[in-house]
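Colleague: I'm passing along structure19.txt; it holds compact mmCIF, C-alpha atoms and all ligand atoms.
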```
# COMPACT_ATOMS: atom_id res chain seq x y z
CA MET A 21 -69.70 170.30 169.79
CA ALA A 22 -70.74 171.80 166.49
CA GLN A 23 -69.72 169.85 163.43
CA ILE A 24 -67.56 171.73 160.93
CA ASN A 25 -67.42 171.39 157.17
CA ASP A 26 -64.69 168.76 156.94
CA HIS A 27 -64.05 169.52 153.28
CA TYR A 28 -62.17 172.66 154.41
CA LEU A 29 -59.57 170.42 156.00
CA LYS A 30 -58.70 168.98 152.60
CA LEU A 31 -57.51 172.40 151.41
CA LYS A 32 -53.78 172.70 150.91
CA ALA A 33 -53.31 175.56 153.38
CA GLY A 34 -52.96 178.47 150.92
CA TYR A 35 -49.45 177.41 150.06
CA LEU A 36 -48.40 179.79 147.28
CA PHE A 37 -48.66 183.37 148.50
CA PRO A 38 -47.76 182.65 152.15
CA GLU A 39 -44.63 180.81 150.95
CA ILE A 40 -43.70 183.75 148.69
CA GLY A 41 -44.22 186.07 151.66
CA ARG A 42 -42.03 183.89 153.87
CA ARG A 43 -39.15 183.83 151.39
CA VAL A 44 -39.37 187.58 150.76
CA ARG A 45 -39.37 188.33 154.51
CA GLU A 46 -36.37 186.09 155.03
CA PHE A 47 -34.48 187.76 152.18
CA SER A 48 -35.38 191.24 153.45
CA SER A 49 -34.21 190.52 156.96
CA ASN A 50 -30.84 189.37 155.58
CA HIS A 51 -30.67 192.27 153.09
CA PRO A 52 -32.58 195.14 154.71
CA ASP A 53 -31.42 197.68 152.10
CA ALA A 54 -32.30 195.64 149.01
CA PRO A 55 -34.98 197.58 147.08
CA ILE A 56 -37.47 194.84 146.22
CA ILE A 57 -39.83 195.21 143.25
CA LYS A 58 -42.98 193.14 143.53
CA MET A 59 -44.20 191.71 140.24
CA GLY A 60 -46.04 188.83 141.76
CA ILE A 61 -49.50 189.97 142.59
CA GLY A 62 -52.42 190.40 140.21
CA ASP A 63 -53.62 193.71 141.63
CA VAL A 64 -53.90 197.05 139.87
CA THR A 65 -51.69 199.95 140.96
CA GLU A 66 -53.07 203.01 139.15
CA PRO A 67 -55.85 205.21 140.62
CA LEU A 68 -59.46 205.17 139.44
CA ALA A 69 -60.29 207.06 136.24
CA PRO A 70 -61.57 210.64 136.80
CA ALA A 71 -64.95 209.94 135.17
CA ILE A 72 -65.52 207.14 137.69
CA VAL A 73 -64.44 209.21 140.69
CA GLN A 74 -66.72 212.03 139.58
CA ALA A 75 -69.72 209.72 139.19
CA MET A 76 -69.16 208.21 142.62
CA HIS A 77 -68.83 211.68 144.22
CA ALA A 78 -72.14 212.68 142.64
CA ALA A 79 -73.74 209.47 143.92
CA VAL A 80 -72.49 210.14 147.45
CA ASP A 81 -74.11 213.57 147.29
CA GLU A 82 -77.40 212.01 146.16
CA MET A 83 -77.27 209.64 149.10
CA GLY A 84 -76.93 212.61 151.45
CA VAL A 85 -80.19 214.26 150.37
CA ARG A 86 -83.67 213.00 151.32
CA GLU A 87 -85.09 213.42 147.80
CA THR A 88 -82.41 211.34 146.11
CA PHE A 89 -81.44 209.00 148.95
CA ARG A 90 -81.69 205.28 148.13
CA GLY A 91 -82.04 202.25 150.36
CA TYR A 92 -81.87 198.66 149.16
CA GLY A 93 -81.45 198.52 145.41
CA PRO A 94 -82.64 195.82 143.01
CA GLU A 95 -80.83 192.56 143.90
CA ASN A 96 -79.76 191.98 140.32
CA GLY A 97 -78.30 195.46 139.94
CA TYR A 98 -79.70 198.83 138.87
CA GLU A 99 -81.14 198.89 135.41
CA PHE A 100 -78.94 201.86 134.42
CA LEU A 101 -75.87 199.65 134.93
CA ARG A 102 -77.29 196.48 133.38
CA GLU A 103 -78.37 198.46 130.31
CA ALA A 104 -74.92 200.04 129.96
CA ILE A 105 -73.29 196.60 130.27
CA VAL A 106 -75.54 195.05 127.66
CA LYS A 107 -75.04 197.88 125.18
CA HIS A 108 -71.26 198.21 125.39
CA ASP A 109 -70.08 194.71 126.24
CA PHE A 110 -72.53 192.74 124.13
CA VAL A 111 -74.91 194.47 121.71
CA ASP A 112 -72.23 196.77 120.25
CA ARG A 113 -70.20 193.65 119.55
CA GLY A 114 -73.13 191.99 117.85
CA ILE A 115 -73.79 189.63 120.78
CA ASN A 116 -77.32 188.78 121.81
CA ILE A 117 -77.59 189.30 125.61
CA ALA A 118 -80.47 191.05 127.40
CA ALA A 119 -80.39 193.18 130.57
CA ASP A 120 -82.44 190.59 132.49
CA GLU A 121 -79.65 188.06 131.89
CA ILE A 122 -77.16 190.22 133.84
CA PHE A 123 -76.64 189.81 137.59
CA VAL A 124 -74.49 192.54 139.15
CA SER A 125 -72.27 191.42 142.04
CA ASP A 126 -69.37 192.50 144.20
CA GLY A 127 -66.87 190.68 141.99
CA SER A 128 -65.97 187.54 140.11
CA LYS A 129 -64.15 185.73 142.89
CA CYS A 130 -67.34 185.65 144.93
CA ASP A 131 -69.44 184.78 141.88
CA SER A 132 -67.29 181.84 140.88
CA GLY A 133 -67.53 180.38 144.38
CA ASN A 134 -71.20 181.24 144.93
CA LEU A 135 -72.31 179.67 141.67
CA LEU A 136 -71.60 176.26 143.13
CA ASP A 137 -74.54 176.78 145.53
CA ILE A 138 -76.98 176.00 142.74
CA PHE A 139 -75.20 172.91 141.44
CA GLY A 140 -75.26 169.41 142.88
CA SER A 141 -72.28 167.66 144.44
CA ASN A 142 -71.94 164.82 141.95
CA ASN A 143 -70.72 166.91 139.06
CA LYS A 144 -67.42 166.09 137.43
CA ILE A 145 -65.32 169.28 137.34
CA ALA A 146 -62.67 170.13 134.74
CA VAL A 147 -60.06 172.88 135.13
CA LEU A 148 -57.00 173.89 133.19
CA ASP A 149 -53.60 173.29 134.77
CA PRO A 150 -52.10 175.81 135.67
CA VAL A 151 -55.26 177.43 137.01
CA TYR A 152 -56.62 180.40 138.99
CA PRO A 153 -56.72 178.65 142.40
CA VAL A 154 -60.20 179.95 143.33
CA TYR A 155 -61.93 177.54 140.91
CA VAL A 156 -60.34 174.54 142.59
CA ASP A 157 -60.54 175.64 146.22
CA THR A 158 -64.23 176.56 146.02
CA ASN A 159 -64.98 173.08 144.67
CA VAL A 160 -63.01 171.52 147.49
CA MET A 161 -65.01 173.59 150.01
CA ALA A 162 -68.26 172.54 148.36
CA GLY A 163 -67.31 168.87 148.77
CA ASN A 164 -66.96 168.22 145.05
CA THR A 165 -63.53 166.60 145.36
CA GLY A 166 -61.58 164.02 147.29
CA PRO A 167 -58.31 164.75 149.08
CA ALA A 168 -55.22 166.25 147.39
CA ASP A 169 -52.25 164.13 146.31
CA ASP A 170 -48.57 165.09 146.74
CA ASP A 171 -48.68 167.31 143.64
CA GLY A 172 -51.62 169.20 145.09
CA ARG A 173 -54.10 167.66 142.63
CA TYR A 174 -57.49 166.84 144.12
CA GLU A 175 -59.12 163.50 143.50
CA GLY A 176 -62.17 163.82 141.30
CA ILE A 177 -61.07 166.96 139.42
CA VAL A 178 -60.06 166.58 135.78
CA TYR A 179 -56.92 168.65 135.17
CA LEU A 180 -56.22 169.66 131.58
CA PRO A 181 -52.59 170.71 131.11
CA VAL A 182 -51.83 173.87 129.14
CA THR A 183 -48.13 174.13 128.32
CA GLU A 184 -45.82 175.20 125.54
CA GLU A 185 -46.08 171.63 124.20
CA ASN A 186 -49.78 171.97 123.36
CA ASN A 187 -49.48 175.65 122.51
CA PHE A 188 -51.53 176.44 125.65
CA GLU A 189 -54.61 174.93 124.01
CA PRO A 190 -56.35 172.52 126.38
CA GLU A 191 -57.37 169.17 124.91
CA LEU A 192 -60.98 168.18 125.39
CA PRO A 193 -61.36 165.75 128.31
CA ASN A 194 -61.35 162.12 127.19
CA GLU A 195 -64.13 161.44 129.67
CA HIS A 196 -67.47 163.00 130.54
CA VAL A 197 -67.35 166.20 132.64
CA ASP A 198 -70.25 168.39 133.82
CA LEU A 199 -68.69 171.73 134.77
CA ILE A 200 -65.79 173.31 132.90
CA TYR A 201 -63.84 176.38 133.99
CA LEU A 202 -62.28 178.41 131.20
CA CYS A 203 -60.53 181.76 131.71
CA TYR A 204 -59.57 183.87 128.68
CA PRO A 205 -57.43 185.93 128.42
CA ASN A 206 -55.87 183.48 130.82
CA ASN A 207 -54.57 184.00 134.30
CA PRO A 208 -51.79 182.89 134.90
CA THR A 209 -50.47 182.21 131.36
CA GLY A 210 -51.64 185.42 129.65
CA THR A 211 -52.63 183.39 126.57
CA VAL A 212 -55.90 183.65 124.64
CA ALA A 213 -58.31 181.20 123.04
CA SER A 214 -59.15 181.30 119.35
CA HIS A 215 -62.70 181.17 118.05
CA GLU A 216 -62.02 177.60 116.88
CA LEU A 217 -60.82 176.44 120.28
CA LEU A 218 -63.85 177.90 122.04
CA GLN A 219 -66.16 176.39 119.42
CA LYS A 220 -64.68 172.96 120.21
CA TRP A 221 -65.46 173.51 123.90
CA VAL A 222 -68.98 174.76 123.28
CA ASP A 223 -69.62 171.76 121.02
CA TYR A 224 -68.27 169.42 123.70
CA ALA A 225 -70.50 171.07 126.32
CA ARG A 226 -73.59 170.74 124.10
CA GLN A 227 -72.84 167.11 123.40
CA HIS A 228 -72.20 166.28 127.08
CA GLU A 229 -74.87 168.64 128.46
CA ALA A 230 -72.08 170.29 130.44
CA ILE A 231 -71.88 173.91 131.58
CA ILE A 232 -68.90 176.20 130.94
CA PHE A 233 -67.98 178.86 133.50
CA TYR A 234 -66.25 181.40 131.28
CA ASP A 235 -64.16 183.90 133.25
CA ALA A 236 -63.52 186.97 131.08
CA ALA A 237 -61.97 189.15 133.81
CA TYR A 238 -59.21 190.26 131.41
CA GLU A 239 -61.41 190.87 128.37
CA ALA A 240 -60.43 194.56 128.21
CA PHE A 241 -56.81 193.57 127.63
CA ILE A 242 -57.53 191.93 124.27
CA THR A 243 -55.65 193.91 121.62
CA GLU A 244 -55.48 191.52 118.69
CA ASP A 245 -58.24 191.29 116.11
CA GLY A 246 -60.07 188.01 115.89
CA VAL A 247 -59.71 187.09 119.58
CA PRO A 248 -63.17 186.43 121.07
CA HIS A 249 -64.19 188.91 123.79
CA SER A 250 -67.10 186.84 125.04
CA ILE A 251 -68.03 183.16 125.00
CA TYR A 252 -71.35 184.24 123.49
CA GLU A 253 -69.58 185.08 120.24
CA ILE A 254 -69.47 181.31 119.81
CA GLU A 255 -72.37 179.55 118.16
CA GLY A 256 -74.45 177.60 120.67
CA ALA A 257 -72.84 179.16 123.75
CA ARG A 258 -76.11 180.59 125.10
CA GLU A 259 -77.22 177.03 125.81
CA VAL A 260 -74.13 175.99 127.73
CA ALA A 261 -72.19 178.93 129.20
CA ILE A 262 -72.21 181.32 132.13
CA GLU A 263 -69.88 184.28 131.66
CA LEU A 264 -68.17 186.01 134.58
CA ARG A 265 -67.05 189.60 134.19
CA SER A 266 -65.40 192.01 136.58
CA PHE A 267 -64.56 195.70 136.74
CA SER A 268 -61.51 194.81 138.84
CA LYS A 269 -58.86 194.65 136.15
CA THR A 270 -60.81 196.50 133.44
CA ALA A 271 -61.49 199.65 135.45
CA GLY A 272 -59.20 199.29 138.45
CA PHE A 273 -62.01 198.17 140.78
CA THR A 274 -60.10 195.58 142.82
CA GLY A 275 -60.70 197.70 145.92
CA THR A 276 -64.00 199.24 144.80
CA ARG A 277 -65.71 195.88 144.06
CA CYS A 278 -68.11 195.30 141.20
CA GLY A 279 -68.63 192.54 138.66
CA PHE A 280 -71.45 190.61 137.06
CA ILE A 281 -72.39 187.28 135.63
CA VAL A 282 -74.40 186.51 132.53
CA ILE A 283 -76.89 183.64 132.60
CA PRO A 284 -78.78 183.22 129.34
CA LYS A 285 -82.38 182.05 129.61
CA GLU A 286 -81.67 178.93 127.53
CA LEU A 287 -79.14 177.56 130.01
CA SER A 288 -80.41 174.48 131.85
CA GLY A 289 -79.24 171.75 134.17
CA LYS A 290 -81.01 168.61 135.27
CA THR A 291 -82.85 167.66 138.45
CA ALA A 292 -82.25 164.48 140.46
CA ASP A 293 -85.11 162.82 138.58
CA GLY A 294 -83.59 163.76 135.25
CA LYS A 295 -85.83 166.67 134.27
CA SER A 296 -84.45 169.77 132.59
CA GLN A 297 -84.36 172.85 134.85
CA PRO A 298 -83.45 176.40 133.72
CA ILE A 299 -80.48 177.76 135.69
CA GLN A 300 -81.45 181.43 135.67
CA PRO A 301 -84.35 181.27 138.17
CA LEU A 302 -82.17 179.26 140.57
CA TRP A 303 -79.45 181.87 140.44
CA HIS A 304 -82.00 184.65 140.88
CA ARG A 305 -83.30 182.85 143.96
CA ARG A 306 -79.83 182.35 145.35
CA HIS A 307 -78.69 185.90 144.59
CA SER A 308 -81.79 187.53 146.08
CA THR A 309 -81.71 185.37 149.21
CA LYS A 310 -78.03 185.59 150.10
CA PHE A 311 -77.09 188.97 148.61
CA ASN A 312 -78.53 192.47 148.86
CA GLY A 313 -76.81 194.10 145.97
CA VAL A 314 -73.79 196.28 145.27
CA SER A 315 -73.80 199.81 146.69
CA TYR A 316 -75.52 202.46 144.59
CA ILE A 317 -72.36 204.57 144.65
CA VAL A 318 -70.23 201.77 143.23
CA GLN A 319 -72.80 200.93 140.55
CA ARG A 320 -72.77 204.59 139.45
CA GLY A 321 -68.98 204.31 139.28
CA ALA A 322 -69.23 201.16 137.18
CA GLU A 323 -71.79 202.83 134.90
CA ALA A 324 -69.34 205.73 134.37
CA ALA A 325 -66.77 203.24 133.09
CA TYR A 326 -69.07 202.97 130.03
CA SER A 327 -69.49 206.73 129.47
CA GLU A 328 -67.57 208.20 126.58
CA ALA A 329 -64.97 209.79 128.86
CA GLY A 330 -64.88 206.70 131.08
CA ARG A 331 -64.26 204.33 128.21
CA GLU A 332 -61.43 206.50 126.92
CA GLN A 333 -59.85 206.79 130.37
CA ILE A 334 -59.99 203.11 131.22
CA ARG A 335 -58.67 202.23 127.75
CA GLU A 336 -55.65 204.43 128.61
CA LEU A 337 -55.19 202.58 131.89
CA VAL A 338 -55.37 199.21 130.20
CA ASN A 339 -52.94 200.39 127.53
CA PHE A 340 -50.56 201.58 130.22
CA TYR A 341 -50.45 198.10 131.78
CA LEU A 342 -50.15 196.50 128.35
CA GLU A 343 -47.13 198.71 127.60
CA ASN A 344 -45.63 197.51 130.88
CA ALA A 345 -46.28 193.94 129.75
CA SER A 346 -44.60 194.62 126.43
CA ILE A 347 -41.51 196.11 128.14
CA VAL A 348 -41.26 193.00 130.32
CA LYS A 349 -41.84 190.60 127.44
CA ASN A 350 -39.34 192.28 125.11
CA GLY A 351 -36.75 192.59 127.87
CA LEU A 352 -36.99 188.89 128.67
CA GLU A 353 -36.92 187.87 125.02
CA ARG A 354 -33.74 189.91 124.50
CA LEU A 355 -32.19 187.90 127.31
CA GLY A 356 -33.07 184.73 125.44
CA ILE A 357 -35.90 183.81 127.81
CA LYS A 358 -38.94 182.31 126.14
CA THR A 359 -42.17 184.14 126.97
CA PHE A 360 -45.89 183.63 126.41
CA GLY A 361 -48.85 185.94 126.93
CA GLY A 362 -48.36 189.63 127.68
CA ILE A 363 -50.02 190.79 124.44
CA ASN A 364 -53.71 190.41 125.28
CA ALA A 365 -53.20 190.14 129.04
CA PRO A 366 -51.31 191.90 131.86
CA TYR A 367 -49.31 188.73 132.60
CA VAL A 368 -46.12 187.47 131.03
CA TRP A 369 -45.61 183.73 131.45
CA LEU A 370 -42.04 182.64 130.95
CA ARG A 371 -40.18 179.40 130.60
CA THR A 372 -37.57 179.29 133.35
CA PRO A 373 -34.10 179.23 131.76
CA ASP A 374 -31.67 176.30 132.00
CA GLY A 375 -34.32 173.85 133.15
CA LYS A 376 -34.62 175.49 136.57
CA SER A 377 -37.62 174.70 138.69
CA SER A 378 -40.13 177.49 139.26
CA TRP A 379 -38.99 177.96 142.87
CA GLU A 380 -35.28 177.91 141.94
CA PHE A 381 -35.93 180.69 139.48
CA PHE A 382 -37.94 182.57 142.12
CA ASP A 383 -34.99 182.44 144.54
CA ASP A 384 -32.45 183.49 141.87
CA LEU A 385 -34.58 186.40 140.75
CA LEU A 386 -35.02 187.59 144.32
CA GLU A 387 -31.33 187.16 145.24
CA GLN A 388 -29.80 188.62 142.10
CA SER A 389 -32.32 191.21 140.92
CA HIS A 390 -34.51 191.76 144.00
CA ILE A 391 -37.59 191.03 141.92
CA VAL A 392 -40.53 189.03 143.23
CA GLY A 393 -42.61 187.02 140.77
CA THR A 394 -44.90 184.02 141.04
CA PRO A 395 -43.64 180.45 140.55
CA GLY A 396 -45.70 178.67 137.90
CA SER A 397 -45.87 175.50 139.96
CA GLY A 398 -47.97 177.42 142.50
CA PHE A 399 -50.81 177.47 139.95
CA GLY A 400 -50.72 173.74 139.34
CA ALA A 401 -48.40 170.83 138.62
CA ALA A 402 -48.25 171.63 134.89
CA GLY A 403 -46.97 175.14 135.75
CA GLU A 404 -43.65 173.67 136.91
CA GLY A 405 -40.80 175.17 134.90
CA TYR A 406 -42.75 178.37 134.29
CA PHE A 407 -42.97 181.71 136.05
CA ARG A 408 -45.45 184.61 136.02
CA LEU A 409 -44.54 188.29 135.97
CA SER A 410 -47.35 190.79 136.40
CA ALA A 411 -47.51 194.08 134.50
CA PHE A 412 -49.57 195.75 137.21
CA ASN A 413 -46.95 198.20 138.41
CA SER A 414 -45.62 201.73 137.93
CA ARG A 415 -43.59 202.36 134.77
CA GLU A 416 -40.61 203.27 136.91
CA ASN A 417 -40.67 199.91 138.70
CA ILE A 418 -41.07 198.00 135.46
CA GLU A 419 -38.14 199.82 133.86
CA THR A 420 -35.94 199.43 136.91
CA ALA A 421 -36.77 195.74 137.08
CA MET A 422 -35.82 195.27 133.44
CA GLU A 423 -32.55 197.19 133.86
CA ARG A 424 -31.66 194.97 136.78
CA LEU A 425 -32.45 191.87 134.80
CA THR A 426 -30.28 192.95 131.89
CA SER A 427 -27.34 193.60 134.13
CA LYS A 428 -27.80 190.48 136.25
CA VAL A 429 -29.47 187.70 134.40
CA PRO A 430 -30.34 184.97 136.87
CA SER A 431 -28.36 182.03 135.61
C1 LIG B 1 -58.57 189.22 139.23
C2 LIG B 1 -59.36 188.08 138.71
C3 LIG B 1 -60.75 188.08 138.82
C4 LIG B 1 -61.49 189.24 139.42
O1 LIG B 1 -61.94 188.94 140.68
P1 LIG B 1 -62.77 190.03 141.46
O2 LIG B 1 -63.34 189.26 142.62
O3 LIG B 1 -63.83 190.52 140.54
O4 LIG B 1 -61.83 191.11 141.90
C5 LIG B 1 -61.47 187.02 138.30
N1 LIG B 1 -60.85 185.99 137.72
C6 LIG B 1 -59.51 185.96 137.59
C7 LIG B 1 -58.89 184.81 136.89
C8 LIG B 1 -58.73 187.00 138.09
O5 LIG B 1 -57.41 186.95 137.96
```
For the structure just supplied, provide its representation as C-alpha cells.
Ligand SMILES: *Cc1c(COP(=O)(O)O)cnc(C)c1O
Modeller:
Amino acid sequence: MAQINDHYLKLKAGYLFPEIGRRVREFSSNHPDAPIIKMGIGDVTEPLAPAIVQAMHAAVDEMGVRETFRGYGPENGYEFLREAIVKHDFVDRGINIAADEIFVSDGSKCDSGNLLDIFGSNNKIAVLDPVYPVYVDTNVMAGNTGPADDDGRYEGIVYLPVTEENNFEPELPNEHVDLIYLCYPNNPTGTVASHELLQKWVDYARQHEAIIFYDAAYEAFITEDGVPHSIYEIEGAREVAIELRSFSKTAGFTGTRCGFIVIPKELSGKTADGKSQPIQPLWHRRHSTKFNGVSYIVQRGAEAAYSEAGREQIRELVNFYLENASIVKNGLERLGIKTFGGINAPYVWLRTPDGKSSWEFFDDLLEQSHIVGTPGSGFGAAGEGYFRLSAFNSRENIETAMERLTSKVPS
C-alpha cells in the first residue's frame, strides 16, 4: 500500500469555517425566514473594474487569432506585467526592486505554501497569534511541526501573541527563529505595522540570518500616511525578506487569480554544509519546474489594474470597502464595543463585550441580529475574546447589519 504524508494527519481538520457553516445551517433550519447577513468571509463582492474587463476581452480576442495567439508564456510572468508592477508598486514609491525580482503567480495562498519547497525542514518558524491559518497549515503539511495541543498550537512553532495588551505589536521572539511570517495590513486584526516595528523585525532577521515572509495582500487598503506599503521601505530588508502580493483584494481578483512574489537578489539561505546560497535561483527553478505561468488573459487584466483608468477604478473599489469598514467600526463604537483595525484594512476586529468568549458572541450575533462573523479564537488561541467582521459586502447589507445591531445589541 502506498505510504501517505503522515504530517497531513496532524492537521486540525479545518475546524473554523466548517463549524461556522454547521452553526449557520442549524440556525437556518430552525429559523428558515431569518435573513442572514454574512460578514465572516474574506472575499470580495463587487465586480471587476471596467478597465480590467476590457483588457481581458481584448486579450481573449488576441488569443482567437493566429497572428496574436500565444501558447506558454514566460514562467515568471510577462514582462509587460512585471514592468507595470515594478513601476507602480515599487519605483514610484522610491523602492528599489527590479522586474527580474518579480515572480507572477496564481495568488498568494499558493505562493506562501509553495515557498516552503525551497526551504529545509529544520527551520524554526514564527507566526503571529491570531494568524492567517494558511501559514501554519502549510508548515504542518511540510513536516515542519510536531502535533497540535488542545489549544490548536503546533509543537515547534513559535507563536507571538498580538492583542490589545501589546497594542497588536508582536514582541521579537526570545529565541532564535529562521522563518518569520508577517502580514500587514493584518488579517485578521486589521491593524498595521509602523516603520519602527518593521525595522525591529528586519534587524532581528539580519542578526539571526532569518527570512521574513511579508504578506502585503491588503497593501491597497492603507489610507494613513506613514504606514509602510512594502517591507522594502525598511533599511536592510532586501537581504532578509520575501514579499507576497496579490491582486485578490486589491483588484477583486479572488476568482480571477493573480499575484506575485518579490525575491531580491541579495536574499540568501544556507546549505547543509553551512555555505551561503542565494534564494532567487532556487525559486526560479521551483517555479519553472512546477508551474507554467498565469494565463495571458489574466495577466493583461492585472496589467490593466495599473493603467490610469484601472488605478482610479480599483481605488474606488477599495474606498467603497473602506467606507463599509468605517460604517461597521463607528456603529460598533457607538454601541460601546471596542474595535481595532478597519482604517487601513477591510477587517474590523472587536473585543467581545462583557467578557464573552468568541463563540458565545458568534451565537448571540447570529440569534439576535442574524449576522455571521468570525470568532477570533478560530485564528489562534490569542484571538479568544475577539471577533472579526469583514467589510467585503454590499452597502445595503452593511447598513442593514448595523441597524439590526443598534436595535438588538447582543448582550
Ligand atoms: C486573501 C488573502 C491573501 C490572498 O490570497 P490569494 O491566494 O492571492 O487569493 C493572502 N494573504 C492573506 C492574509 C489574505 O487574507
Colleague: Please extract the residues at most 8 Å from ligand LIG 1 (chain B), counting only C-alpha atoms and all ligand atoms, and provide them as a ChimeraX atom specification, using the chain letters and residue numbers of this document.
Modeller: /A:62-63,126-131,152,203,206-208,235-238,264-269,273-275,277-279
Colleague: Just want the 9 Å neighbourhood of Ser141 (chain A), counted on only C-alpha atoms, with same-chain residues fewer than 3 positions away dropped. Output as a PyMOL selection string.
Modeller: chain A and resi 136+144+162-165
Colleague: Using all atoms listed in the file, determine which residues lie at most 6 Å from region 285-296 of chain A, disregarding the query and same-chain residues fewer than 3 positions distant; provide the list as a PyMOL selection string.
Modeller: chain A and resi 259-260+299
Colleague: Write out as a ChimeraX atom specification which residues come within 7 Å of region 240-242 of chain A when counting only C-alpha atoms, dropping same-chain ones fewer than 4 positions away.
Modeller: /A:270,338,364-365
Colleague: Considering only C-alpha atoms, can you say which of A:Tyr204, A:Tyr341, A:Trp369, A:Phe412 comes closest to Gly396 (chain A)?
Modeller: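 The answer is A:Trp369, which sits nearest to Gly396 (chain A).
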Colleague: Looking at A:Leu218, A:Ala325, A:Ala168, A:Met161, which one is nearest to Gln74 (chain A), with distances taken over only C-alpha atoms?
Modeller: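 Distance minimum relative to Gln74 (chain A) lands on A:Ala325.
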Colleague: With only C-alpha atoms as the atoms that count, which of A:Ser346, A:Tyr179, A:Pro67, A:Ile57 lies nearest to Glu195 (chain A)?
Modeller: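 Result for the nearest residue to Glu195 (chain A): A:Tyr179.
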Colleague: Considering only C-alpha atoms, return as a PyMOL selection string whatever protein or nucleic-acid residues lie within 7 Å of Thr211 (chain A), sequence-local ones (same chain, fewer than 3 positions apart) excluded.
Modeller: chain A and resi 205-206+360-361
Colleague: Nearest residue to Gly246 (chain A) out of A:Arg354, A:His307, A:His215, A:Lys107, using all atoms listed in the file?
Modeller: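 When distances to Gly246 (chain A) are compared using all atoms listed in the file, the smallest one comes from A:His215.
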Colleague: Give as a VMD selection string every residue, naming chains and numbers as the document does, that has an atom within 10 Å of (-74.0, 169.9, 126.0), counting all atoms listed in the file.
Modeller: chain A and resid 198 221 to 232 256 to 257 259 to 261 288 to 289
Colleague: So how many Å separate CA of His108 (chain A) and CA of Arg415 (chain A), to one decimal?
Modeller: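 CA of His108 (chain A) sits 29.5 Å away from CA of Arg415 (chain A).
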Colleague: Could you work out how far CA of Glu387 (chain A) lies from CA of Thr209 (chain A), giving the answer in Å with one decimal?
Modeller: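 Separation between CA of Thr209 (chain A) and CA of Glu387 (chain A): 24.2 Å.
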Colleague: May I ask for the distance between CA of Val44 (chain A) and CA of Pro395 (chain A), given in Å to one decimal place?
Modeller: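 Going from CA of Val44 (chain A) over to CA of Pro395 (chain A) covers 13.2 Å.
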